[in-house]
2 protein chains.
Amino acid sequence: MTWKRTHNCGELTAENTGEEIILNGWVSTRRDLGGVIFIDLRDRYGITQIVFNETDKELHEKAEQLRGEYVIGVKGMVEERDEENVNPELYTGDIEITVTDLQIYAKAETPPFEIKEDIATGEEIRLTYRYLDLRRPDLQRNMILRSDFYQSVRSFYHERDFVEVETPVLMKSTPEGARDYLVPSRVNPGKFFALPQSPQTYKQLLMVSGYDRYFQIVKCFRDEDLRADRQPEFTQIDVEMSFVDEDAVMSSTEDLMQKLMKETIGEDIEPSFKRMTYEEAMKTYGTDKPDTRFGLEFADFSELVEDSEFKIFSGTVEKGGAVLGITVPGQGSMGRGAIDRLTERVQDETGAGGLIYIKLNEEDGVKCSVEKFLKEETVEAMVEKADAAMGDLVLILAGPSPDVYHQMSKLRLMMGEEHNLINEDEFDFLWVTDFPLVKWSREEQRYQALHHPFTAPYQEDVDKLEEDPVSVRSRAYDLVLNGYEIGGGSIRIHDRELQKRMFSLLGIDEEEAEERFGFLLEAFKYGAPPHGGIALGVDRIIMILSGGNSLRDVIAFPKNQKAQSLMDNSPDYVDQEQLDELHIRLKRGVGPEHE
Amino acid sequence: MTWKRTHNCGELTAENTGEEIILNGWVSTRRDLGGVIFIDLRDRYGITQIVFNETDKELHEKAEQLRGEYVIGVKGMVEERDEENVNPELYTGDIEITVTDLQIYAKAETPPFEIKEDIATGEEIRLTYRYLDLRRPDLQRNMILRSDFYQSVRSFYHERDFVEVETPVLMKSTPEGARDYLVPSRVNPGKFFALPQSPQTYKQLLMVSGYDRYFQIVKCFRDEDLRADRQPEFTQIDVEMSFVDEDAVMSSTEDLMQKLMKETIGEDIEPSFKRMTYEEAMKTYGTDKPDTRFGLEFADFSELVEDSEFKIFSGTVEKGGAVLGITVPGQGSMGRGAIDRLTERVQDETGAGGLIYIKLNEEDGVKCSVEKFLKEETVEAMVEKADAAMGDLVLILAGPSPDVYHQMSKLRLMMGEEHNLINEDEFDFLWVTDFPLVKWSREEQRYQALHHPFTAPYQEDVDKLEEDPVSVRSRAYDLVLNGYEIGGGSIRIHDRELQKRMFSLLGIDEEEAEERFGFLLEAFKYGAPPHGGIALGVDRIIMILSGGNSLRDVIAFPKNQKAQSLMDNSPDYVDQEQLDELHIRLKRGVGPEHE
């Protein structure tokens with residue numbers, strides 16, 4: 001029988017001296033010193049040193065069997081350590097346990113990697129033995145942080161009278177944006193459910209139903225091509241509110257983040273966040289999710305150089321492109337070799353054609369890499385516009401728009417990291433607002449919603465919906481933290497006619513709109529309140545709070561970049577019988593017999 | 001623009017008299033009285049009466065447009081009602097709002113059914129217009145109860161240091177018990193994920209990983225043939241603990257239920273629950289989930305009648321069957337007609353061959369329906385064994401075992417309901433323990449786990465695992481509330497060799513065990529702690545707490561009995577392109593073209 005512990009491995013101190021206690025845990029390390037066996041016994045709560053003396057021969061012999069990761073129970077007495085043996089790094093470091101009885105619950109083979117912080121083991125091995133990886137202190141910290149995070153979020157919303165409603169996982173397939181994961185129905189042959197990309201329509205229906213304030217921490221699914229920071233299933237905080245405008249949703253989200261930062265990592269942040277329009281973000285940082293922990297804002301040289309004899313500049317501007325610069329402080333003396341290497345890296349990593357610079361240093365004065373093609377006053381004007389001072393380096397890219405903005409955005413990040421311009425301890429929140437409602441997709445030859453088809457346009461822009469759609473601003477807002485988009489939301493359309501116009505603009509004809517979103521259009525007939533909301537990405541927020549840079553380190557059982565779970569070898573082939581019941585077959589040439 | 005409300009529709013009282021306020025909400029009812037328009041304005045929080053006088057002509061005209069379910073905002077002044085107009089049924093019944101400004105956010109057509117409590121509308125219509133059904137006060141109460149319930153559960157476990165971990169929704173298919181829902185993988189052609197029937201293996205792995213205490217409120221999925229009280233997706237409270245025995249899990253669950261009952265419906269319950277072995281439950285109530293809010297325990301007459309000349313009795317016992325009786329109090333004078341109808345109903349609904357009775361009343365004395373075949377002392381012995389007194393009715397069934405137990409169990413429930421023996425306000429919790437580990441499946445010609453293959457056998461029964469498996473008791477426990485199984489759990493196997501023996505007993509050979517559960521067997525190599533847990537059915541518990549009898553009334557967007565969502569018409573056919581990408585085809589003869 002399992003012994004009921006009196007304490008866990010992280011709580012005994014000198015105050016417990018003399019107590020008879022029972023501990024359960026894992027053998028973390030074992031040292032034998034002059035016949036005495038010292039073991040660090042580990043559980044989730046901490047480590048306690050336990051000691052087997054030679055006095056009890058039988059017990060000592062049993063203890064000699066113990067190896068790393070054995071699971072044991074011990075009875076014993078708490079004793080204060082001698083002064084010189086105190087371990088100040090351990091909460092329990094003042095005491096040790098003199099063991100009087102031992103039970104081995106389970107033996108253990110030597111794990112394929114060490115159970116400790118910061119191991120260099122390849123991720124494939126770690127994912128295969130995920131249950132051992134999850135024993136390591138860094139992952140345990142992440143999972144516990146995540147657990148605390150959930151509870152903070154939920155108590156925040158519950159205290160504010162939000163109703164937590166579970167929305168279905170088996171829902172209708174309405175592909176828009178990403179691909180749906182599909183689930184064949186056995187009872188309805190040939191038909192499929194889809195897993196939610198988000199509970200968007202459900203939460204809007206809940207507003208129509210009068211729930212007023214809704215929230216849920218919910219799993220969502222996107223069958224996308226996976227990049228380093230994507231997972232097939234991800235978790236979001238999903239929120240919707242009735243009778244609100246943008247400010248109400250944003251300020252409630254700010255309150256949430258303030259509480260979360262305080263309660264999970266003890267960080268105090270500003271009660272309200274900076275705001276920036278999409279246009280300003282693109283012009284200044286070349287991205288709609290700028291990392292504003294550091295400067296290096298873009299200077300637009302296009303007007304200054306449009307008449308220049310330097311064809312790369314004037315030609316670019318003539319063709320509608322832009323010439324952009326950023327000023328890197330303190331790098332005005334960068335040597336030729338370093339600049340060459342940087343140029344190569346810029347070409348490799350940003351796709352820019354070349355890199356032009358102006359160095360400002362005491363030795364050479366103001367030195368531009370293409371000064372022979374430029375008038376002196378042009379260079380001076382550029383320096384002034386870039387707000388560059390002696391000692392600085394101005395880096396310049398020229399190219400078609402919007403590519404050059406993206407390239408400069410990458411270069412800016414590169415410089416920020418390389419020259420330690422980013423305060424890693426800072427949490428810098430930013431709202432980006434006033435997104436365009438739609439963009440033109442060259443690929444699909446139609447307008448696409450920048451957020452989703454339910455986002456409301458600015459009232460004063462509605463008249464331009466048909467004649468000049470790309471100029472219509474949406475009532476959407478994204479929340480950016482340290483350059484990551486951690487959330488996004490909008491005020492929604494709640495008018496049936498406007499929603500129909502929106503579908504039509506997106507190339508969804510009436511029949512298709514009816515088939516895919518008929519229930520929402522129907523719902524809007526019966527009194528839909530004005531409403532809006534937001535969705536926040538839990539995985540990414542936890543990743544940032546934990547100081548890590550991989551989503552896989554904050555998800556208990558993640559998939560790899562091929563959407564596979566290496567631990568249990570899923571997805572996998574299934575029995576023919578299962579497929580038969582679901583009324584489906586594999587395509588020709590696919591299946592275990594073709595491996 | 002949406003007006004920011006100063007109050008909701010459920011909070012203004014006489015104390016607010018004279019205040020200028022803003023409300024938003026739905027027009028619930030409208031009455032016109034002598035030129036004055038009275039409207040009950042409704043939101044989730046309550047109802048407030050608003051009044052449009054004739055003084056402001058323009059405003060009054062606008063108000064005349066208002067119809068039921070219109071969504072509006074009003075500005076106005078809080079005024080105390082005249083004594084005779086006070087509505088004591090309404091929290092806001094002391095006041096009304098004299099409106100000074102009105103905004104119509106959305107018009108509404110007449111809904112297909114009334115937005116009020118207890119409507120007689122068919123469920124198909126209600127499910128089609130679920131967003132309107134969810135506006136009704138009874139469903140809103142259920143959803144809010146559910147929301148409160150979640151928060152109580154979570155704070156309970158968080159306070160006790162349980163770690164909340166999200167387990168994957170896309171997992172490995174390991175069909176055992178119910179059918180899996182499958183999800184084809186696009187990136188891994190021909191391979192499939194399954195949706196979890198429960199996160200069983202994951203939570204056990206978390207114990208191997210040292211998380212010590214785990215909980216999660218989690219969606220699970222079973223592709224079963226749906227009955228009235230099943231849904232394809234359901235929600236469970238999932239719990240696992242290390243270094244515990246049965247008592248620890250059960251007592252922690254008792255604490256949870258106590259808190260839940262108190263916090264959600266204000267009910268005080270016993271701090272610890274009755275316990276009964278599976279054997280006792282079957283013998284006494286003919287079911288492993290007895291409703292113990294009332295008596296009517298079975299009396300086993302088999303021994304008394306085994307030598308009887310009445311062949312139906314003695315023959316039944318001879319063939320290994322049983323003769324069972326229950327005593328219905330106060331029905332000893334039931335007339336011939338009523339007994340005939342009861343007999344017919346018993347045959348119809350329980351499948352029993354016939355119904356025998358003993359009536360005890362002052363007029364006739366003790367009267368058995370088959371007394372001419374029985375000795376008087378046999379009837380007397382039966383009356384005594386059944387603990388029947390004057391005025392009672394003993395109902396007797398004879399038949400093969402276990403069928404007769406099931407039949408008698410149904411008859412018992414029937415009598416309990418019909419004769420009001422059940423206290424509907426009582427919450428009667430019961431643990432059922434000591435289940436058999438396995439049962440023999442005639443259909444599949446193999447042993448099946450009564451719970452699941454990871455349930456630990458009694459240590460003292462392990463030796464019988466191979467030679468007499470059905471006699472092995474498991475360390476499983478089910479929680480029963482008012483005759484519903486609301487949860488079940490067990491102490492798990494944590495030893496690799498024992499787990500292998502269990503798989504082998506279930507007819508899973510070594511290769512198959514490796515392929516399906518290899519990761520768990522592998523995990524057990526590296527130090528698995530003794531552990532156990534429980535899963536509780538959220539939907540069913542909420543259903544009982546809400547006093548309802550349909551799971552669909554406590555789930556926001558439920559499926560019907562064909563696993564369809566009538567509101568959005570899912571599941572539905574999908575584009576060929578989607579199937580192509582997933583490397584699957586429909587079977588011949590299936591698809592939209594064959595409808």
# chains A, B, ... in the order shown; residues from 1 in each chain; ligands from 1
call {"tool": "residues_around", "arguments": {"residues": "Val305 in chain A", "least_positions_apart": "4", "cutoff": "9 Å", "atoms": "only C-alpha atoms", "output": "VMD selection string"}}
result
chain A and resid 301 309 to 310 313 to 314 317 323 374 378 382
call {"tool": "residues_around", "arguments": {"residues": "Glu19 in chain A", "least_positions_apart": "2", "cutoff": "6 Å", "atoms": "only C-alpha atoms", "output": "PyMOL selection string"}}
result
chain A and resi 16-17+77-78
call {"tool": "write_last_selection", "arguments": {"atoms": "N, CA, C and O atoms", "output": "PDB file, in the first residue's frame"}}
result
ATOM      1  N   ASN A  16      10.621  21.948  11.792  1.00  0.00           N
ATOM      2  CA  ASN A  16      10.065  20.599  11.901  1.00  0.00           C
ATOM      3  C   ASN A  16      11.004  19.618  12.593  1.00  0.00           C
ATOM      4  O   ASN A  16      10.706  18.424  12.679  1.00  0.00           O
ATOM      5  N   THR A  17      12.147  20.135  13.050  1.00  0.00           N
ATOM      6  CA  THR A  17      13.145  19.262  13.658  1.00  0.00           C
ATOM      7  C   THR A  17      12.524  18.365  14.727  1.00  0.00           C
ATOM      8  O   THR A  17      11.726  18.819  15.538  1.00  0.00           O
ATOM      9  N   MET A  77      12.942  10.808  10.443  1.00  0.00           N
ATOM     10  CA  MET A  77      12.949  11.871  11.447  1.00  0.00           C
ATOM     11  C   MET A  77      13.644  13.099  10.856  1.00  0.00           C
ATOM     12  O   MET A  77      14.698  12.989  10.226  1.00  0.00           O
ATOM     13  N   VAL A  78      13.038  14.261  11.069  1.00  0.00           N
ATOM     14  CA  VAL A  78      13.656  15.508  10.591  1.00  0.00           C
ATOM     15  C   VAL A  78      14.783  15.901  11.532  1.00  0.00           C
ATOM     16  O   VAL A  78      14.574  16.002  12.745  1.00  0.00           O
TER      17      VAL A  78
END
call {"tool": "residues_around", "arguments": {"residues": "Lys559 in chain B", "least_positions_apart": "2", "cutoff": "12 Å", "atoms": "only C-alpha atoms", "output": "VMD selection string"}}
result
(chain A and resid 167 to 172 193) or (chain B and resid 123 to 124 126 to 128 130 226 to 234 551 to 557 561 to 571)
call {"tool": "closest_atom_pairs", "arguments": {"of": "range 404-458 of chain A", "to": "range 338-355 of chain A", "cutoff": "8 Å", "atoms": "only C-alpha atoms", "output": "CSV"}}
result
residue,atom,partner,partner_atom,distance
A:Val404,CA,A:Ala352,CA,7.2
A:His406,CA,A:Thr350,CA,7.7
A:Gln407,CA,A:Thr350,CA,4.9
A:Met408,CA,A:Thr350,CA,7.8
A:Lys410,CA,A:Thr350,CA,6.2
A:Leu411,CA,A:Val346,CA,6.7
call {"tool": "residues_around", "arguments": {"residues": "range 59-76 of chain B", "least_positions_apart": "3", "cutoff": "8 Å", "atoms": "only C-alpha atoms", "output": "ChimeraX atom specification"}}
result
/A:526-529 /B:2-3,20-30,37,52-56,97-110
call {"tool": "atom_distance", "arguments": {"atom1": "CA of Ala386 in chain B", "atom2": "CA of Ile358 in chain B"}}
result
10.3 Å
call {"tool": "atom_distance", "arguments": {"atom1": "CA of Ala178 in chain B", "atom2": "CA of Leu536 in chain B"}}
result
17.6 Å
call {"tool": "atom_distance", "arguments": {"atom1": "CA of Leu90 in chain A", "atom2": "CA of Arg42 in chain A"}}
result
11.8 Å
call {"tool": "select_by_dssp", "arguments": {"residues": "range 67-293 of chain B", "states": "strand (DSSP E or B)", "output": "PyMOL selection string"}}
result
chain B and resi 71-80+95-106+108+163-164+171+176+178+182-184+192-194+213-221+233-242+274-277
call {"tool": "closest_residue", "arguments": {"among": "A:Asp148, A:Glu306, A:Asp300, A:Glu460", "to": "chain B", "atoms": "only C-alpha atoms"}}
result
A:Asp148
call {"tool": "closest_residue", "arguments": {"among": "A:Thr455, A:Leu360, A:Val328, A:Asp288", "to": "Met415 in chain A", "atoms": "only C-alpha atoms"}}
result
A:Val328
call {"tool": "residues_around", "arguments": {"residues": "range 580-588 of chain A", "least_positions_apart": "3", "cutoff": "7 Å", "atoms": "only C-alpha atoms", "output": "NGL selection string"}}
result
(:A and (184-186 or 189-190 or 576-577 or 591)) or (:B and (190 or 583-587))
call {"tool": "write_last_selection", "arguments": {"atoms": "N, CA and C atoms", "output": "tab-separated table (two decimals), in the first residue's frame"}}
result
chain	number	residue	atom	x	y	z
A	184	PRO	N	-15.29	13.13	-40.15
A	184	PRO	CA	-16.39	12.46	-40.84
A	184	PRO	C	-17.46	11.99	-39.87
A	185	SER	N	-18.72	12.10	-40.31
A	185	SER	CA	-19.83	11.66	-39.48
A	185	SER	C	-20.24	10.25	-39.87
A	186	ARG	N	-20.40	9.39	-38.87
A	186	ARG	CA	-20.81	8.02	-39.12
A	186	ARG	C	-22.32	7.95	-39.35
A	189	PRO	N	-23.92	9.85	-43.42
A	189	PRO	CA	-22.92	9.42	-44.40
A	189	PRO	C	-22.52	10.52	-45.38
A	190	GLY	N	-21.21	10.66	-45.58
A	190	GLY	CA	-20.70	11.62	-46.55
A	190	GLY	C	-20.59	13.04	-46.02
A	576	GLN	N	-9.33	-0.59	-41.30
A	576	GLN	CA	-10.25	-0.45	-42.42
A	576	GLN	C	-11.70	-0.37	-41.92
A	577	GLU	N	-11.97	-1.16	-40.88
A	577	GLU	CA	-13.31	-1.18	-40.32
A	577	GLU	C	-13.77	0.21	-39.86
A	591	GLY	N	-1.84	4.89	-47.94
A	591	GLY	CA	-2.17	3.87	-46.94
A	591	GLY	C	-0.96	3.06	-46.55
B	190	GLY	N	-3.15	9.46	-45.37
B	190	GLY	CA	-3.67	8.16	-44.98
B	190	GLY	C	-3.72	7.94	-43.48
B	583	HIS	N	-6.59	13.48	-48.61
B	583	HIS	CA	-6.25	12.16	-49.14
B	583	HIS	C	-7.35	11.14	-48.90
B	584	ILE	N	-8.59	11.60	-48.84
B	584	ILE	CA	-9.69	10.65	-48.66
B	584	ILE	C	-10.75	10.86	-49.74
B	585	ARG	N	-11.56	9.82	-49.93
B	585	ARG	CA	-12.71	9.88	-50.84
B	585	ARG	C	-13.92	9.37	-50.08
B	586	LEU	N	-15.09	9.71	-50.58
B	586	LEU	CA	-16.30	9.11	-50.01
B	586	LEU	C	-16.44	7.72	-50.59
B	587	LYS	N	-17.08	6.83	-49.85
B	587	LYS	CA	-17.37	5.50	-50.38
B	587	LYS	C	-18.34	5.64	-51.54
call {"tool": "closest_residue", "arguments": {"among": "B:Val379, B:Leu205, B:Ile486, B:Met261", "to": "chain A", "atoms": "only C-alpha atoms"}}
result
B:Leu205
call {"tool": "closest_residue", "arguments": {"among": "A:Arg336, A:Met414, A:Gln578, A:Lys375", "to": "Asp180 in chain B", "atoms": "only C-alpha atoms"}}
result
A:Gln578
